[in-house]
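Here is model-v4.cif, consisting of mmCIF, C-alpha atoms:
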```
data_query
loop_
_atom_site.label_atom_id
_atom_site.label_comp_id
_atom_site.auth_asym_id
_atom_site.auth_seq_id
_atom_site.Cartn_x
_atom_site.Cartn_y
_atom_site.Cartn_z
CA MET A 1 84.80 93.79 -5.20
CA ALA A 2 85.92 97.20 -6.42
CA GLY A 3 87.18 95.46 -9.54
CA LEU A 4 83.66 94.26 -10.31
CA LYS A 5 82.11 97.73 -10.41
CA ASP A 6 80.48 98.15 -13.86
CA ALA A 7 82.94 95.61 -15.31
CA THR A 8 80.17 93.33 -16.54
CA ALA A 9 76.61 93.63 -17.79
CA VAL A 10 73.46 91.59 -18.19
CA VAL A 11 72.78 91.54 -21.93
CA GLY A 12 70.11 88.88 -22.34
CA ILE A 13 67.06 87.67 -20.43
CA GLY A 14 64.63 84.88 -21.17
CA GLN A 15 61.80 82.96 -19.63
CA THR A 16 59.19 80.32 -20.35
CA ASP A 17 55.53 80.68 -19.62
CA LEU A 18 54.87 81.06 -15.90
CA ALA A 19 51.90 79.07 -14.66
CA ARG A 20 50.57 76.93 -11.86
CA ARG A 21 51.07 73.85 -14.01
CA LEU A 22 53.24 73.28 -17.08
CA GLY A 23 53.56 69.94 -18.81
CA GLU A 24 57.24 70.02 -19.74
CA PRO A 25 59.96 68.72 -17.38
CA GLU A 26 62.30 71.12 -15.56
CA LYS A 27 65.21 70.34 -17.89
CA THR A 28 63.20 71.28 -20.97
CA LEU A 29 61.98 74.47 -19.31
CA ALA A 30 65.56 75.37 -18.34
CA CYS A 31 66.81 74.91 -21.90
CA ARG A 32 63.98 77.00 -23.34
CA ALA A 33 64.69 79.88 -20.94
CA ILE A 34 68.45 79.75 -21.62
CA LEU A 35 67.99 79.71 -25.39
CA ALA A 36 65.58 82.64 -25.13
CA ALA A 37 68.11 84.64 -23.08
CA LEU A 38 70.92 83.92 -25.55
CA ASP A 39 68.71 84.91 -28.47
CA ASP A 40 67.80 88.11 -26.63
CA ALA A 41 71.53 88.86 -26.30
CA GLY A 42 72.39 87.81 -29.85
CA ILE A 43 74.95 85.26 -28.63
CA ALA A 44 75.30 81.71 -29.93
CA PRO A 45 75.06 78.82 -27.43
CA GLY A 46 78.54 77.60 -28.41
CA GLU A 47 80.06 80.80 -26.99
CA VAL A 48 78.85 80.13 -23.44
CA ASP A 49 81.69 79.09 -21.14
CA ALA A 50 80.30 79.80 -17.65
CA LEU A 51 77.21 78.66 -15.75
CA ALA A 52 75.73 79.50 -12.35
CA SER A 53 72.62 78.10 -10.72
CA TYR A 54 71.11 77.17 -7.36
CA THR A 55 72.01 74.12 -5.30
CA MET A 56 68.29 73.38 -5.33
CA GLU A 57 68.28 73.36 -9.14
CA GLU A 58 67.61 69.84 -10.37
CA THR A 59 68.93 70.41 -13.91
CA ASP A 60 72.72 70.13 -13.82
CA GLU A 61 75.51 71.67 -15.88
CA VAL A 62 76.33 68.52 -17.84
CA GLU A 63 72.81 67.89 -19.07
CA VAL A 64 72.07 71.53 -19.85
CA ALA A 65 75.38 72.00 -21.66
CA LYS A 66 74.74 68.99 -23.89
CA ALA A 67 71.12 69.84 -24.60
CA VAL A 68 71.70 73.51 -25.43
CA GLY A 69 75.00 73.01 -27.25
CA PHE A 70 77.52 74.91 -25.15
CA GLY A 71 81.24 74.83 -25.88
CA ASP A 72 83.92 74.08 -23.28
CA LEU A 73 82.94 75.35 -19.85
CA THR A 74 85.67 77.00 -17.79
CA PHE A 75 83.56 78.15 -14.83
CA PHE A 76 80.48 76.73 -13.10
CA SER A 77 79.06 77.26 -9.63
CA LYS A 78 76.00 76.63 -7.51
CA VAL A 79 74.66 78.83 -4.73
CA GLY A 80 72.84 77.53 -1.68
CA PHE A 81 69.87 78.54 0.43
CA GLY A 82 67.06 78.58 -2.11
CA GLY A 83 65.79 82.07 -2.81
CA GLY A 84 68.78 83.58 -1.05
CA GLY A 85 70.95 82.52 -3.97
CA SER A 86 69.19 84.29 -6.83
CA CYS A 87 71.32 87.43 -7.11
CA ALA A 88 74.46 85.51 -6.17
CA THR A 89 74.27 83.47 -9.38
CA VAL A 90 74.72 86.68 -11.36
CA ALA A 91 77.40 87.89 -8.94
CA HIS A 92 79.40 84.68 -9.44
CA LEU A 93 79.24 85.06 -13.21
CA ALA A 94 80.23 88.73 -12.97
CA ALA A 95 83.28 87.78 -10.91
CA ALA A 96 84.23 85.02 -13.35
CA VAL A 97 83.95 87.27 -16.39
CA ALA A 98 85.66 90.26 -14.73
CA THR A 99 88.65 88.11 -13.72
CA GLY A 100 89.05 86.39 -17.07
CA GLN A 101 87.81 82.97 -15.97
CA ALA A 102 85.10 83.09 -18.65
CA SER A 103 83.66 85.35 -21.32
CA VAL A 104 79.94 84.49 -21.57
CA GLY A 105 78.01 83.39 -18.50
CA VAL A 106 74.48 82.06 -18.11
CA ALA A 107 72.51 81.87 -14.86
CA TRP A 108 69.15 80.15 -14.65
CA ARG A 109 66.43 78.74 -12.43
CA SER A 110 63.95 76.08 -13.53
CA ARG A 111 61.26 74.94 -11.14
CA LYS A 112 58.00 73.04 -11.01
CA ARG A 113 56.80 74.06 -7.59
CA GLY A 114 53.22 74.68 -8.67
CA SER A 115 52.67 71.12 -9.84
CA GLY A 116 55.30 69.48 -7.63
CA PRO A 117 55.34 68.46 -3.95
CA ARG A 118 56.27 70.77 -1.08
CA PRO A 119 59.77 69.95 0.25
CA TRP A 120 58.68 69.81 3.89
CA ARG A 121 56.19 67.02 3.18
CA ASN A 122 58.99 64.46 3.06
CA THR A 123 59.02 63.47 6.72
CA ALA A 124 61.23 60.44 6.05
CA VAL A 125 64.26 62.67 5.53
CA GLN A 126 66.28 63.24 8.69
CA LEU A 127 65.96 66.79 9.96
CA PRO A 128 69.06 68.97 9.68
CA THR A 129 70.33 70.07 13.08
CA PRO A 130 68.74 73.58 13.07
CA ALA A 131 65.32 72.17 12.16
CA GLN A 132 65.41 69.86 15.16
CA TRP A 133 64.96 72.97 17.30
CA THR A 134 61.96 74.29 15.35
CA ARG A 135 59.89 71.70 13.45
CA PRO A 136 59.00 69.43 16.39
CA PHE A 137 57.45 72.52 18.01
CA GLY A 138 55.20 73.46 15.09
CA LEU A 139 57.36 75.56 12.77
CA LEU A 140 56.93 73.14 9.89
CA ARG A 141 56.86 75.41 6.85
CA PRO A 142 58.69 78.59 5.84
CA VAL A 143 55.46 80.54 6.43
CA ASP A 144 55.39 79.36 10.05
CA GLU A 145 58.93 80.61 10.61
CA ILE A 146 58.35 83.96 8.93
CA GLY A 147 55.03 84.25 10.76
CA MET A 148 57.00 84.09 14.01
CA LEU A 149 59.27 86.93 12.89
CA ALA A 150 56.28 88.91 11.63
CA ARG A 151 54.49 88.62 14.97
CA ARG A 152 57.55 89.94 16.77
CA TYR A 153 57.93 92.78 14.25
CA LEU A 154 54.29 93.87 14.62
CA HIS A 155 54.60 93.75 18.40
CA GLU A 156 57.88 95.63 18.70
CA HIS A 157 57.30 98.36 16.16
CA GLY A 158 53.56 98.95 16.07
CA ALA A 159 53.23 97.85 12.48
CA THR A 160 49.83 96.52 11.40
CA ARG A 161 48.29 94.19 8.87
CA ASP A 162 47.50 97.29 6.81
CA HIS A 163 51.24 97.71 6.27
CA LEU A 164 51.49 94.13 5.05
CA PHE A 165 48.50 94.77 2.80
CA ASN A 166 50.32 97.75 1.28
CA VAL A 167 53.04 95.37 0.11
CA ALA A 168 50.61 92.81 -1.26
CA LEU A 169 48.60 95.52 -3.02
CA ALA A 170 51.60 97.15 -4.70
CA CYS A 171 52.70 93.79 -6.10
CA ARG A 172 49.19 92.90 -7.25
CA ASN A 173 48.68 96.29 -8.91
CA ARG A 174 51.84 95.78 -10.96
CA ALA A 175 50.83 92.22 -11.86
CA ASN A 176 47.53 93.61 -13.11
CA GLN A 177 49.58 95.49 -15.73
CA ASN A 178 51.68 92.46 -16.70
CA PRO A 179 50.06 90.03 -19.17
CA THR A 180 52.52 87.26 -18.27
CA ALA A 181 51.76 87.45 -14.54
CA ILE A 182 49.67 84.71 -12.95
CA MET A 183 47.58 87.38 -11.22
CA TYR A 184 47.06 89.48 -14.36
CA GLU A 185 43.55 91.01 -14.39
CA ARG A 186 42.87 89.72 -10.86
CA PRO A 187 42.65 92.83 -8.63
CA LEU A 188 43.13 92.72 -4.86
CA THR A 189 41.11 94.81 -2.41
CA ARG A 190 41.60 95.51 1.27
CA GLU A 191 38.37 93.65 2.03
CA MET A 192 39.62 90.57 0.17
CA TYR A 193 42.90 90.73 2.05
CA MET A 194 41.44 91.20 5.52
CA ASN A 195 38.81 88.47 5.06
CA SER A 196 41.12 85.86 3.54
CA ARG A 197 41.99 82.71 5.46
CA TRP A 198 44.96 82.45 7.77
CA ILE A 199 47.94 80.46 6.56
CA SER A 200 50.04 81.02 9.69
CA GLU A 201 48.97 83.93 11.88
CA PRO A 202 49.53 86.81 11.45
CA LEU A 203 50.04 85.92 7.77
CA CYS A 204 47.00 85.37 5.58
CA LEU A 205 46.62 83.93 2.09
CA PHE A 206 47.73 87.12 0.35
CA ASP A 207 50.88 87.47 2.46
CA ASN A 208 52.23 84.33 0.76
CA CYS A 209 53.93 83.95 -2.60
CA LEU A 210 52.50 81.93 -5.47
CA GLU A 211 53.45 78.34 -6.28
CA THR A 212 54.69 78.32 -9.86
CA ASP A 213 56.07 76.22 -12.69
CA GLY A 214 58.51 77.94 -15.04
CA ALA A 215 62.10 78.84 -15.83
CA LEU A 216 64.12 82.02 -16.30
CA ALA A 217 67.68 82.81 -17.37
CA CYS A 218 70.05 85.70 -18.02
CA VAL A 219 73.36 86.25 -19.84
CA VAL A 220 76.38 88.10 -18.41
CA VAL A 221 79.35 89.38 -20.45
CA SER A 222 82.07 92.00 -20.05
CA ALA A 223 81.14 95.66 -20.26
CA GLU A 224 83.22 95.97 -23.41
CA ARG A 225 81.42 93.16 -25.19
CA ALA A 226 78.04 94.34 -23.92
CA ARG A 227 78.23 97.39 -26.16
CA ASP A 228 77.95 95.11 -29.21
CA CYS A 229 74.93 93.11 -28.01
CA ARG A 230 71.35 93.63 -29.09
CA HIS A 231 70.08 95.66 -26.16
CA ARG A 232 71.20 98.50 -23.96
CA PRO A 233 73.61 97.02 -21.37
CA VAL A 234 72.50 96.74 -17.77
CA TYR A 235 75.69 96.97 -15.71
CA VAL A 236 76.37 95.06 -12.51
CA HIS A 237 77.47 98.04 -10.44
CA SER A 238 77.77 96.19 -7.12
CA ALA A 239 76.99 92.72 -5.77
CA ALA A 240 77.02 91.12 -2.35
CA GLN A 241 76.18 88.03 -0.35
CA GLY A 242 75.31 88.05 3.34
CA LEU A 243 75.40 85.46 6.11
CA PRO A 244 75.36 87.08 9.59
CA ALA A 245 77.15 85.59 12.58
CA GLN A 246 75.13 83.02 14.53
CA HIS A 247 72.44 82.90 11.86
CA HIS A 248 69.74 80.25 12.39
CA GLY A 249 67.62 79.86 9.27
CA MET A 250 64.46 81.86 8.82
CA VAL A 251 63.70 82.19 12.52
CA ASN A 252 67.07 83.87 13.12
CA TYR A 253 66.54 83.79 16.88
CA TRP A 254 70.11 83.02 17.87
CA ASN A 255 71.19 86.48 16.75
CA ASP A 256 71.24 89.38 19.16
CA ASP A 257 68.32 90.80 17.18
CA PRO A 258 66.27 88.37 15.05
CA LEU A 259 64.81 91.28 13.07
CA THR A 260 68.18 92.38 11.68
CA GLY A 261 68.75 89.45 9.37
CA PRO A 262 70.99 88.65 6.40
CA ALA A 263 69.86 91.74 4.46
CA TRP A 264 71.79 93.95 6.88
CA THR A 265 75.00 92.00 6.30
CA ALA A 266 74.62 91.97 2.51
CA ALA A 267 73.69 95.66 2.44
CA ARG A 268 76.82 96.81 4.24
CA HIS A 269 78.96 95.06 1.63
CA LEU A 270 76.78 96.17 -1.30
CA TRP A 271 76.90 99.89 -0.48
CA LYS A 272 80.56 99.78 0.57
CA HIS A 273 81.56 98.91 -2.99
CA ALA A 274 79.08 101.19 -4.77
CA ASP A 275 79.22 104.79 -5.92
CA LEU A 276 75.49 104.98 -5.15
CA THR A 277 73.37 105.13 -1.99
CA PRO A 278 69.78 104.05 -1.25
CA ASP A 279 68.66 107.57 -2.17
CA ASP A 280 69.91 106.96 -5.72
CA VAL A 281 67.78 103.86 -6.32
CA ASP A 282 64.94 104.51 -8.76
CA VAL A 283 63.20 101.13 -8.53
CA ALA A 284 63.63 98.01 -6.42
CA GLN A 285 62.84 94.35 -6.91
CA ILE A 286 62.63 93.11 -3.31
CA TYR A 287 62.29 89.42 -2.58
CA ASP A 288 58.71 88.86 -1.51
CA ALA A 289 58.09 85.22 -0.66
CA PHE A 290 56.15 86.75 2.25
CA THR A 291 55.05 90.37 2.75
CA PRO A 292 57.02 90.93 6.01
CA LEU A 293 60.27 90.25 4.17
CA VAL A 294 59.77 93.47 2.22
CA LEU A 295 59.51 95.51 5.43
CA LEU A 296 62.64 93.87 6.82
CA SER A 297 64.50 94.45 3.55
CA LEU A 298 63.50 98.11 3.33
CA GLU A 299 65.22 98.58 6.67
CA GLY A 300 68.17 96.29 6.00
CA TYR A 301 69.10 97.96 2.71
CA GLY A 302 68.83 101.43 4.21
CA PHE A 303 65.68 102.92 2.74
CA CYS A 304 64.37 103.69 6.21
CA GLY A 305 65.38 103.30 9.83
CA ARG A 306 65.08 100.33 12.18
CA GLY A 307 61.41 99.62 12.82
CA GLU A 308 60.22 102.08 10.16
CA GLY A 309 59.51 99.58 7.38
CA GLY A 310 55.78 99.51 8.03
CA ALA A 311 55.39 103.26 8.02
CA PHE A 312 57.51 103.49 4.86
CA THR A 313 54.80 101.66 2.90
CA GLU A 314 52.12 104.26 3.66
CA GLY A 315 50.74 106.74 1.15
CA GLY A 316 51.42 104.63 -1.93
CA ALA A 317 55.18 104.68 -1.37
CA LEU A 318 55.67 101.32 -3.10
CA GLU A 319 53.54 102.17 -6.14
CA ILE A 320 54.64 103.71 -9.43
CA GLY A 321 55.24 107.38 -8.63
CA GLY A 322 55.87 106.61 -4.96
CA ARG A 323 59.06 106.93 -2.91
CA LEU A 324 60.32 103.51 -4.05
CA PRO A 325 58.36 101.55 -6.66
CA VAL A 326 58.83 97.84 -5.96
CA ASN A 327 58.32 94.55 -7.79
CA THR A 328 57.12 96.19 -10.95
CA ALA A 329 56.12 92.95 -12.69
CA GLY A 330 54.23 91.63 -9.65
CA GLY A 331 57.03 89.85 -7.77
CA GLY A 332 56.73 86.48 -6.11
CA LEU A 333 53.40 87.47 -4.60
CA SER A 334 51.59 88.14 -7.86
CA GLU A 335 53.72 87.52 -10.97
CA ALA A 336 55.29 84.14 -10.22
CA TYR A 337 57.47 82.50 -7.60
CA VAL A 338 60.60 81.03 -9.16
CA HIS A 339 62.97 81.57 -6.24
CA GLY A 340 63.36 85.24 -7.10
CA PHE A 341 64.85 84.97 -10.57
CA ASN A 342 61.93 86.87 -12.07
CA LEU A 343 63.03 89.86 -9.98
CA ILE A 344 66.41 89.86 -11.76
CA ASN A 345 64.82 89.81 -15.20
CA GLU A 346 62.37 92.54 -14.26
CA GLY A 347 65.24 94.70 -12.98
CA VAL A 348 66.85 94.39 -16.40
CA ARG A 349 63.60 95.29 -18.17
CA GLN A 350 63.16 98.39 -16.03
CA LEU A 351 66.64 99.66 -16.89
CA ARG A 352 66.05 98.89 -20.57
CA GLY A 353 62.81 100.88 -20.34
CA THR A 354 60.65 97.93 -21.40
CA GLY A 355 58.73 97.10 -18.21
CA THR A 356 54.98 96.55 -18.40
CA ALA A 357 54.73 99.00 -15.49
CA GLN A 358 57.70 101.15 -16.40
CA VAL A 359 59.20 103.58 -13.90
CA PRO A 360 59.91 106.74 -15.94
CA GLY A 361 63.61 107.39 -16.38
CA ALA A 362 64.73 104.45 -14.22
CA ALA A 363 68.54 104.35 -14.19
CA THR A 364 69.31 102.31 -11.07
CA CYS A 365 67.67 99.20 -9.64
CA LEU A 366 68.25 97.21 -6.47
CA VAL A 367 67.46 93.50 -6.71
CA THR A 368 67.43 91.44 -3.53
CA ALA A 369 67.33 87.73 -2.79
CA GLY A 370 65.53 85.99 0.06
CA GLU A 371 65.65 87.73 3.41
CA GLY A 372 65.57 85.36 6.37
CA VAL A 373 68.12 83.00 4.80
CA PRO A 374 71.74 83.60 3.72
CA THR A 375 71.11 86.10 0.98
CA SER A 376 72.51 88.16 -1.89
CA ALA A 377 71.82 91.39 -3.75
CA LEU A 378 72.61 93.24 -6.95
CA LEU A 379 72.80 96.93 -7.69
CA LEU A 380 72.16 97.42 -11.40
CA ARG A 381 72.48 100.55 -13.50
CA ASN A 382 72.14 101.49 -17.15
#
```
Whole structure, structure tokens version:
Amino acid sequence: MAGLKDATAVVGIGQTDLARRLGEPEKTLACRAILAALDDAGIAPGEVDALASYTMEETDEVEVAKAVGFGDLTFFSKVGFGGGGSCATVAHLAAAVATGQASVGVAWRSRKRGSGPRPWRNTAVQLPTPAQWTRPFGLLRPVDEIGMLARRYLHEHGATRDHLFNVALACRNRANQNPTAIMYERPLTREMYMNSRWISEPLCLFDNCLETDGALACVVVSAERARDCRHRPVYVHSAAQGLPAQHHGMVNYWNDDPLTGPAWTAARHLWKHADLTPDDVDVAQIYDAFTPLVLLSLEGYGFCGRGEGGAFTEGGALEIGGRLPVNTAGGGLSEAYVHGFNLINEGVRQLRGTGTAQVPGAATCLVTAGEGVPTSALLLRN
């Protein structure tokens, strides 16, 4: 991993419209996002020789390569576990480019979750072994599983729904500044939050991410080549994946401590191979499929101590000008939910200085993938 430090950079980002419903198929959306990212980098499609995506991505390498017009591909990979794979797609490309397996890599995610069915509705599919211990007893959806962790967290550490609201509010405030966000110009108040309907107690409507159609992509090249691209390079300073021993999906209750999830494993590896510490991070894009995941990630990645995630959010700490501005385009809660890829693109924008809610002088950004599942993270710098 030491050989990856600042050896590569993200030089192009692209996305389609992000909406509850889009008419185009996922393949078309993927191609549009990839072409936009390549144009942003100033790189021709025929130069791409590496691809990385999610195992849940339904547009495959062969079809995308033909449609976009790539040359010969010498590296391609897929990363599992849904939102846990977002940062890992970039990490895989960085490793391929740094080791000479490829020269221009593209990662992408295309999804029609807003207009498509929910995966857990397909009851005809045989349950995987871990789910046989949870779904028959009422933990049917991801929100039910995270709700279980959230209840334990609130009980053990004295955190409150106000702390969860702080997360939802920070994301919504940033989305209100972002014209491409689904929740643009739709403010959130404490009264709205506290009076909203339960989805799975103790999680209410505003503790849950959006359901979105759209696609995003980014381009990774060597640090040397990055200097000749159109925009200021955003270097991949450190990258990590994390799957803790005896992990059991989102409920995580086979571990010694269910509240120290995959983020803790990924974080140890991330900081081990970095010249930076949590104190050096200027802005963070923290995976926010559900508000409690942000509290768990703040602790896992070392911004506060065990059980202190709730208190960390107090006093506007997550807002612009606070201790750690987070999810500056609105995140999954208020910009769009595309399995976390929008957090990667927003991290790049912040370090370019082009965010719609720009953190002044931002030079380092932590981007995290889904906590609660085998996860990944990136530490970016300019």
Next on the checklist: At a cut-off of 7 Å, using all atoms listed in the file, what residues contact Ala329 of chain A? Leave out same-chain residues fewer than 5 positions from it and give the result as JSON, numbers by chain.
Outcome noted: {"A": [174, 175, 178, 335, 346, 356, 357]}
Checklist entry - Pick the closest to Leu164 of chain A from A:Val234, A:Ala239, A:Leu333, A:Ala131: which is it, counting all atoms listed in the file? => result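 Of A:Val234, A:Ala239, A:Leu333, A:Ala131, the one nearest Leu164 of chain A is A:Leu333, counting all atoms listed in the file.
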Checklist entry - Do you know which residues the PyMOL selection byres ((chain A and resi 163) around 10) returns on this file, as a ChimeraX atom specification? => result /A:154,159-162,164-169,291-292,295,309-314
Next on the checklist: the PyMOL selection byres ((chain A and resi 269) around 9) - which residues does that actually catch in the file I just gave you? List them as an MDAnalysis selection string.
Outcome noted: chainID A and resid 238:242 264:268 270:274
Kindly compute an axis-aligned box around the listed atoms of segment 97-103 of chain A, allowing 8 Å on each side, and express its centre and edge lengths in Å to one decimal as AutoDock Vina command-line options.
```
--center_x 86.4 --center_y 86.6 --center_z -17.5 --size_x 21.4 --size_y 23.3 --size_z 23.6
```
Checklist entry - Mind pulling up the distance from atom CA of Ile286 of chain A to atom CA of Thr368 of chain A? => result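 These atoms are spaced 5.1 Å apart.
Ranking A:Gly331, A:Gly116, A:Pro128, A:Gly3 by their shortest atom-to-atom distance to Glu26 of chain A, with all atoms listed in the file included, puts A:Gly116 first.
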Item to check | Nearby residues (all atoms listed in the file) at most 10 Å from Asn252 of chain A, same-chain spacing under 2 positions excluded, as JSON, numbers by chain | outcome: {"A": [145, 146, 149, 244, 246, 247, 248, 249, 250, 254, 255, 256, 257, 258, 259, 260, 261, 262, 372, 373]}
Item to check | Answer key for the PyMOL selection byres ((chain A and resi 109) around 6), residues as a PyMOL selection string | outcome: chain A and resi 108+110+215-216
Determine, counting all atoms listed in the file, which protein, DNA and RNA residues have an atom within 8 Å of an atom of Cys218 of chain A; residues of the same chain fewer than 4 positions away are not included. Present the result as a compact mmCIF listing (two decimals) with C-alpha atoms, in the frame of the given file.
```txt
# COMPACT_ATOMS: atom_id res chain seq x y z
CA VAL A 10 73.46 91.59 -18.19
CA VAL A 11 72.78 91.54 -21.93
CA GLY A 12 70.11 88.88 -22.34
CA ILE A 13 67.06 87.67 -20.43
CA GLY A 14 64.63 84.88 -21.17
CA ILE A 34 68.45 79.75 -21.62
CA ALA A 37 68.11 84.64 -23.08
CA LEU A 38 70.92 83.92 -25.55
CA VAL A 106 74.48 82.06 -18.11
CA ALA A 107 72.51 81.87 -14.86
CA TRP A 108 69.15 80.15 -14.65
CA ASN A 345 64.82 89.81 -15.20
```
Checklist entry - Near Gly307 of chain A, counting only C-alpha atoms, which residues have an atom at most 8 Å away, once you skip same-chain residues fewer than 2 positions from it, shown as a list in words? => result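 Listed by chain and then number, they are Tyr153, Glu156, His157, Glu299, Gly305, Gly309 and Gly310 of chain A.
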Item to check | Between atom CA of Ala217 of chain A and atom CA of Ser77 of chain A, distance in Å (one decimal) | outcome: 14.8 Å
Next on the checklist: Rounded to one decimal, what separation in Å do you get between atom CA of Asp279 of chain A and atom CA of Thr328 of chain A?
Outcome noted: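 Between atom CA of Asp279 of chain A and atom CA of Thr328 of chain A the gap is 18.4 Å.
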Checklist entry - At most 9 Å from (75.5, 75.1, -25.6), file frame, only C-alpha atoms: which residues, as a PyMOL selection string? => result chain A and resi 35+44-49+64-72
Next on the checklist: Env of Gly321 of chain A: 12 Å cut, atoms = all atoms listed in the file, seq-sep filter 4 positions within chain, self excluded. Answer as a PyMOL selection string.
Outcome noted: chain A and resi 170+282-283+315-317+325-326+328+357-362
Next on the checklist: Around the point (67.6, 70.4, -12.4) (coordinates from the file), which residues reach within 7 Å if we count all atoms listed in the file? Answer as JSON, numbers by chain.
Outcome noted: {"A": [26, 27, 57, 58, 59, 60, 110]}
Checklist outcome for this item: In terms of all atoms listed in the file, the residue from A:Tyr287, A:Phe303, A:Tyr337, A:Trp198 at minimal distance from Glu371 of chain A is A:Tyr287
